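S.K.: Quick one: the structure is below, and I'll ask about it shortly.
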Amino acid sequence: MAVAPETVSLAAGGVTLTGDLSLPRDALGVVAFAHGSGSSRHSPRNRAVARVLLEGGLGTLLMDLLTADEERVDTVTAELRFDIPLLGRRMTAAVDWLRDRPDTGGHPVGLFGASTGAAAALVAAAERPEQVRAVVSRGGRPDLAGAAALAGVRAPVLLVVGGHDHEVLRLNEEAARHLTAPCALRVVPGATHLFEEPGTLEQAAEAARDWFLRMRSSV
């Protein structure tokens, strides 16, 4: 499904963030992406996932969680990519922005987080339990959200981890024990942390699509 993205700006805690919003006609929902570990809305892996979601009839919001100046600092220090409270507040602002926008306000909202972005997505889900209907983590660090935030999530959570990403798999299993919301762990055989192996990213994207499509039933 070919959908031309709209470049958008949204206010978040005194800064302006940039995003790409793609909204199919009669969208079944909209998914905001939380990038992590120094990535941005231009992440080729998250864009590949977004294409699968769009083909499934879901809207997508790929946004930069850091400003251009912050990205330059983070490239040197790598400190902001691990500032989960900051990233979580900005994801929460994105959820509010989707709620307040006329063309997205009536749609159920899902959050997709990769790497440290998964923790930011879960923090936002805990902050906005009435708005966020589903969360997917791909190769994520949900443990960095903290036990209190994990316990506060009400939306169903899918944790997708590569079968060869042993340490992250262990951390996901640990985080799952703190979740009180419905949770499923999907292990993609043969995949490492970045899902670079042939066919593995596609499996993760299809699992995410199917998970998000279920959120309409919870509206």
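Letters A, B, ... go to the chains of the structure tokens in the order shown; residues in each chain start at 1; ligands are counted from 1 in the same order.
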What's the 6 Å shell around segment 128-143 of chain A, counting only C-alpha atoms, without same-chain residues fewer than 2 positions away, as number ranges by chain?
M.R.: A: 109-116, 118-119, 125-126, 145-146, 154-161, 175, 193, 215
S.K.: I need the residues from that last selection saved to file as a short mmCIF file (atom, residue, chain, number, x, y, z; two decimals), in the first residue's frame (with N, CA and C atoms), if you can.
M.R.:
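part.cif was written with the following content:
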```cif
data_model
loop_
_atom_site.label_atom_id
_atom_site.label_comp_id
_atom_site.auth_asym_id
_atom_site.auth_seq_id
_atom_site.Cartn_x
_atom_site.Cartn_y
_atom_site.Cartn_z
N VAL A 109 -4.16 3.46 19.24
CA VAL A 109 -2.73 3.75 19.14
C VAL A 109 -1.92 2.57 19.65
N GLY A 110 -0.93 2.19 18.86
CA GLY A 110 0.05 1.20 19.28
C GLY A 110 1.42 1.82 19.33
N LEU A 111 2.32 1.23 20.09
CA LEU A 111 3.70 1.71 20.19
C LEU A 111 4.66 0.58 19.84
N PHE A 112 5.64 0.91 19.01
CA PHE A 112 6.66 -0.06 18.60
C PHE A 112 8.01 0.48 19.04
N GLY A 113 8.74 -0.29 19.82
CA GLY A 113 10.04 0.16 20.31
C GLY A 113 11.14 -0.83 19.97
N ALA A 114 12.27 -0.32 19.51
CA ALA A 114 13.44 -1.14 19.25
C ALA A 114 14.57 -0.70 20.18
N SER A 115 15.33 -1.67 20.66
CA SER A 115 16.46 -1.40 21.55
C SER A 115 15.98 -0.60 22.77
N THR A 116 16.66 0.50 23.09
CA THR A 116 16.24 1.29 24.25
C THR A 116 14.90 1.97 24.03
N ALA A 118 12.27 0.56 23.21
CA ALA A 118 11.23 -0.28 23.79
C ALA A 118 10.90 0.18 25.20
N ALA A 119 11.91 0.56 25.96
CA ALA A 119 11.68 1.05 27.32
C ALA A 119 10.89 2.35 27.29
N ALA A 125 3.31 3.90 27.54
CA ALA A 125 2.11 3.07 27.70
C ALA A 125 1.61 3.09 29.13
N ALA A 126 2.54 3.11 30.08
CA ALA A 126 2.15 3.18 31.49
C ALA A 126 1.56 4.55 31.83
N ALA A 145 12.84 0.16 31.38
CA ALA A 145 11.67 0.96 31.76
C ALA A 145 11.50 0.98 33.27
N GLY A 146 11.98 -0.03 33.97
CA GLY A 146 11.84 -0.10 35.42
C GLY A 146 10.60 -0.88 35.82
N ARG A 154 -0.99 -1.35 30.79
CA ARG A 154 -2.26 -2.07 30.68
C ARG A 154 -2.47 -2.67 29.30
N ALA A 155 -1.74 -2.20 28.31
CA ALA A 155 -1.89 -2.70 26.95
C ALA A 155 -1.17 -4.04 26.78
N PRO A 156 -1.68 -4.93 25.95
CA PRO A 156 -0.98 -6.18 25.66
C PRO A 156 0.40 -5.90 25.05
N VAL A 157 1.39 -6.66 25.48
CA VAL A 157 2.78 -6.43 25.08
C VAL A 157 3.33 -7.67 24.37
N LEU A 158 3.94 -7.45 23.20
CA LEU A 158 4.64 -8.51 22.49
C LEU A 158 6.13 -8.21 22.52
N LEU A 159 6.91 -9.16 23.02
CA LEU A 159 8.36 -9.03 23.07
C LEU A 159 8.95 -9.95 22.00
N VAL A 160 9.60 -9.35 21.00
CA VAL A 160 10.19 -10.12 19.90
C VAL A 160 11.71 -10.07 20.06
N VAL A 161 12.32 -11.24 20.18
CA VAL A 161 13.75 -11.32 20.45
C VAL A 161 14.37 -12.37 19.53
N ALA A 175 12.02 -8.89 32.36
CA ALA A 175 11.05 -7.80 32.30
C ALA A 175 9.63 -8.33 32.25
N HIS A 193 20.83 -9.78 17.37
CA HIS A 193 20.21 -8.59 17.95
C HIS A 193 19.56 -7.68 16.90
N MET A 215 -5.59 -4.78 18.20
CA MET A 215 -5.93 -3.74 19.17
C MET A 215 -7.28 -3.11 18.89
#
```
S.K.: Excluding Gly190 of chain A and any residue of its chain fewer than 3 positions from it, enumerate the residues within 8 Å of it, using only C-alpha atoms, and give them as a ChimeraX atom specification.
M.R.: /A:162-164,197,200
S.K.: Once you count only C-alpha atoms, what closest atom pair and distance in Å to one decimal does each residue of segment 147-215 of chain A within 8 Å of segment 44-49 of chain A have, with rows by chain and rising residue number, as JSON lines?
M.R.:
```
{"residue": "A:Leu201", "atom": "CA", "partner": "A:Arg45", "partner_atom": "CA", "distance": 7.6}
{"residue": "A:Glu202", "atom": "CA", "partner": "A:Val49", "partner_atom": "CA", "distance": 7.5}
{"residue": "A:Ala204", "atom": "CA", "partner": "A:Val49", "partner_atom": "CA", "distance": 7.9}
{"residue": "A:Ala205", "atom": "CA", "partner": "A:Val49", "partner_atom": "CA", "distance": 4.9}
```
S.K.: For atom CA of Arg90 of chain A and atom CA of Pro108 of chain A, determine how far apart the two atoms are, in Å to one decimal place.
M.R.: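 According to the coordinates, atom CA of Arg90 of chain A and atom CA of Pro108 of chain A are separated by 18.7 Å.
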S.K.: If you run DSSP on this backbone, which residues of segment 56-210 of chain A come out as strand (DSSP E or B), and could you give them as a PyMOL selection string?
M.R.: chain A and resi 59-63+109-114+132-138+157-162+183-188
S.K.: Dump N, CA and C atoms for the selected residues as a PDB file, in the first residue's frame?
M.R.:
```pdb
ATOM      1  N   GLY A  59      -1.633   2.932  10.162  1.00  0.00           N
ATOM      2  CA  GLY A  59      -0.842   4.136  10.021  1.00  0.00           C
ATOM      3  C   GLY A  59       0.430   4.032  10.838  1.00  0.00           C
ATOM      4  N   THR A  60       1.438   4.816  10.475  1.00  0.00           N
ATOM      5  CA  THR A  60       2.704   4.801  11.211  1.00  0.00           C
ATOM      6  C   THR A  60       3.201   6.220  11.448  1.00  0.00           C
ATOM      7  N   LEU A  61       3.820   6.420  12.607  1.00  0.00           N
ATOM      8  CA  LEU A  61       4.498   7.672  12.933  1.00  0.00           C
ATOM      9  C   LEU A  61       5.923   7.325  13.318  1.00  0.00           C
ATOM     10  N   LEU A  62       6.855   7.616  12.423  1.00  0.00           N
ATOM     11  CA  LEU A  62       8.280   7.436  12.713  1.00  0.00           C
ATOM     12  C   LEU A  62       8.835   8.798  13.077  1.00  0.00           C
ATOM     13  N   MET A  63       9.321   8.936  14.299  1.00  0.00           N
ATOM     14  CA  MET A  63       9.742  10.249  14.773  1.00  0.00           C
ATOM     15  C   MET A  63      11.113  10.191  15.413  1.00  0.00           C
ATOM     16  N   VAL A 109      -4.159   3.457  19.238  1.00  0.00           N
ATOM     17  CA  VAL A 109      -2.730   3.748  19.136  1.00  0.00           C
ATOM     18  C   VAL A 109      -1.915   2.567  19.646  1.00  0.00           C
ATOM     19  N   GLY A 110      -0.925   2.191  18.857  1.00  0.00           N
ATOM     20  CA  GLY A 110       0.049   1.196  19.285  1.00  0.00           C
ATOM     21  C   GLY A 110       1.424   1.820  19.326  1.00  0.00           C
ATOM     22  N   LEU A 111       2.324   1.231  20.087  1.00  0.00           N
ATOM     23  CA  LEU A 111       3.698   1.712  20.186  1.00  0.00           C
ATOM     24  C   LEU A 111       4.658   0.585  19.840  1.00  0.00           C
ATOM     25  N   PHE A 112       5.641   0.905  19.008  1.00  0.00           N
ATOM     26  CA  PHE A 112       6.663  -0.058  18.597  1.00  0.00           C
ATOM     27  C   PHE A 112       8.014   0.482  19.035  1.00  0.00           C
ATOM     28  N   GLY A 113       8.743  -0.294  19.820  1.00  0.00           N
ATOM     29  CA  GLY A 113      10.042   0.158  20.306  1.00  0.00           C
ATOM     30  C   GLY A 113      11.144  -0.825  19.975  1.00  0.00           C
ATOM     31  N   ALA A 114      12.270  -0.315  19.514  1.00  0.00           N
ATOM     32  CA  ALA A 114      13.441  -1.136  19.249  1.00  0.00           C
ATOM     33  C   ALA A 114      14.566  -0.701  20.175  1.00  0.00           C
ATOM     34  N   VAL A 132      -3.048   3.983  24.833  1.00  0.00           N
ATOM     35  CA  VAL A 132      -2.195   2.997  24.170  1.00  0.00           C
ATOM     36  C   VAL A 132      -2.843   1.624  24.267  1.00  0.00           C
ATOM     37  N   ARG A 133      -3.077   1.006  23.108  1.00  0.00           N
ATOM     38  CA  ARG A 133      -3.823  -0.249  23.056  1.00  0.00           C
ATOM     39  C   ARG A 133      -2.941  -1.473  22.843  1.00  0.00           C
ATOM     40  N   ALA A 134      -1.698  -1.283  22.406  1.00  0.00           N
ATOM     41  CA  ALA A 134      -0.803  -2.418  22.171  1.00  0.00           C
ATOM     42  C   ALA A 134       0.636  -1.913  22.096  1.00  0.00           C
ATOM     43  N   VAL A 135       1.567  -2.767  22.513  1.00  0.00           N
ATOM     44  CA  VAL A 135       2.989  -2.422  22.482  1.00  0.00           C
ATOM     45  C   VAL A 135       3.757  -3.611  21.911  1.00  0.00           C
ATOM     46  N   VAL A 136       4.732  -3.316  21.041  1.00  0.00           N
ATOM     47  CA  VAL A 136       5.634  -4.342  20.524  1.00  0.00           C
ATOM     48  C   VAL A 136       7.065  -3.878  20.739  1.00  0.00           C
ATOM     49  N   SER A 137       7.896  -4.770  21.245  1.00  0.00           N
ATOM     50  CA  SER A 137       9.324  -4.515  21.415  1.00  0.00           C
ATOM     51  C   SER A 137      10.090  -5.452  20.485  1.00  0.00           C
ATOM     52  N   ARG A 138      10.992  -4.891  19.663  1.00  0.00           N
ATOM     53  CA  ARG A 138      11.835  -5.727  18.796  1.00  0.00           C
ATOM     54  C   ARG A 138      13.290  -5.598  19.231  1.00  0.00           C
ATOM     55  N   VAL A 157       1.394  -6.656  25.482  1.00  0.00           N
ATOM     56  CA  VAL A 157       2.782  -6.429  25.081  1.00  0.00           C
ATOM     57  C   VAL A 157       3.329  -7.671  24.373  1.00  0.00           C
ATOM     58  N   LEU A 158       3.937  -7.452  23.201  1.00  0.00           N
ATOM     59  CA  LEU A 158       4.637  -8.513  22.490  1.00  0.00           C
ATOM     60  C   LEU A 158       6.126  -8.215  22.522  1.00  0.00           C
ATOM     61  N   LEU A 159       6.909  -9.159  23.019  1.00  0.00           N
ATOM     62  CA  LEU A 159       8.359  -9.032  23.072  1.00  0.00           C
ATOM     63  C   LEU A 159       8.949  -9.946  22.002  1.00  0.00           C
ATOM     64  N   VAL A 160       9.595  -9.353  20.995  1.00  0.00           N
ATOM     65  CA  VAL A 160      10.192 -10.120  19.905  1.00  0.00           C
ATOM     66  C   VAL A 160      11.709 -10.073  20.063  1.00  0.00           C
ATOM     67  N   VAL A 161      12.318 -11.241  20.178  1.00  0.00           N
ATOM     68  CA  VAL A 161      13.753 -11.324  20.447  1.00  0.00           C
ATOM     69  C   VAL A 161      14.371 -12.371  19.525  1.00  0.00           C
ATOM     70  N   GLY A 162      15.584 -12.103  19.070  1.00  0.00           N
ATOM     71  CA  GLY A 162      16.301 -13.084  18.258  1.00  0.00           C
ATOM     72  C   GLY A 162      16.745 -14.271  19.093  1.00  0.00           C
ATOM     73  N   CYS A 183       0.983 -10.560  28.012  1.00  0.00           N
ATOM     74  CA  CYS A 183       2.324 -10.483  27.427  1.00  0.00           C
ATOM     75  C   CYS A 183       2.648 -11.779  26.703  1.00  0.00           C
ATOM     76  N   ALA A 184       3.310 -11.652  25.556  1.00  0.00           N
ATOM     77  CA  ALA A 184       3.782 -12.817  24.821  1.00  0.00           C
ATOM     78  C   ALA A 184       5.226 -12.575  24.410  1.00  0.00           C
ATOM     79  N   LEU A 185       6.025 -13.631  24.449  1.00  0.00           N
ATOM     80  CA  LEU A 185       7.424 -13.562  24.033  1.00  0.00           C
ATOM     81  C   LEU A 185       7.574 -14.375  22.752  1.00  0.00           C
ATOM     82  N   ARG A 186       7.992 -13.706  21.682  1.00  0.00           N
ATOM     83  CA  ARG A 186       8.199 -14.374  20.395  1.00  0.00           C
ATOM     84  C   ARG A 186       9.697 -14.422  20.122  1.00  0.00           C
ATOM     85  N   VAL A 187      10.256 -15.629  20.058  1.00  0.00           N
ATOM     86  CA  VAL A 187      11.674 -15.811  19.767  1.00  0.00           C
ATOM     87  C   VAL A 187      11.805 -16.194  18.289  1.00  0.00           C
ATOM     88  N   VAL A 188      12.558 -15.394  17.551  1.00  0.00           N
ATOM     89  CA  VAL A 188      12.766 -15.645  16.117  1.00  0.00           C
ATOM     90  C   VAL A 188      14.024 -16.500  15.964  1.00  0.00           C
TER      91      VAL A 188
END
```
S.K.: Please return as a VMD selection string: the residues of segment 6-213 of chain A that backbone DSSP assigns to helix (DSSP H, G or I).
M.R.: chain A and resid 44 to 55 68 to 77 80 to 82 84 to 100 117 to 127 142 to 145 147 to 152 166 to 176 200 to 213
S.K.: Need to verify the contact set: Gly56 of chain A, 10 Å, only C-alpha atoms, exclusion of same-chain residues closer than 6 positions in sequence. Can you return it as a ChimeraX atom specification?
M.R.: /A:1,24,27-28,50,206,209-210,212-213
S.K.: Those residues you just picked out, can you put them in a file as a compact mmCIF listing (two decimals), in the first residue's frame with C-alpha atoms?
M.R.:
```txt
# COMPACT_ATOMS: atom_id res chain seq x y z
CA MET A 1 0.00 0.00 0.00
CA PRO A 24 -3.76 5.01 4.88
CA ALA A 27 -6.61 3.18 8.74
CA LEU A 28 -7.21 0.42 11.27
CA ALA A 50 6.59 0.29 9.05
CA GLU A 206 4.69 -9.73 10.53
CA ARG A 209 1.53 -6.31 12.37
CA ASP A 210 -0.66 -9.14 13.63
CA PHE A 212 -1.31 -4.40 16.39
CA LEU A 213 -4.25 -5.47 14.25
```
S.K.: May I have the residues within 12 Å of Asp26 of chain A as a list in words, using only C-alpha atoms and disregarding those fewer than 2 positions away in the same chain?
M.R.: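 With the cut-off at 12 Å, the set is Leu23, Pro24, Leu28, Gly29, Val30, Leu54, Gly56, Gly57, Leu58, Gly59, Asp103, Thr104, Gly106 and His107 of chain A.
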S.K.: Report as a list of chain:residue names all protein, DNA and RNA residues lying within 9 Å of Thr92 of chain A, evaluated on only C-alpha atoms, omitting residues in the same chain fewer than 6 positions from it.
M.R.: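 My reading of the contact set: A:Ala12, A:Ala120, A:Ala121, A:Val123, A:Ala124, A:Ala125, A:Glu127, A:Arg128.
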S.K.: Mind checking which residues fall within 8 Å of Thr7 of chain A, counting only C-alpha atoms, ignoring those fewer than 3 positions away in the same chain, and posting them as a ChimeraX atom specification?
M.R.: /A:18-21
S.K.: Mind giving me the straight-line distance from atom CA of His35 of chain A to atom CA of Gly199 of chain A in Å, one decimal?
M.R.: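 Separation of atom CA of His35 of chain A and atom CA of Gly199 of chain A: 21.1 Å.
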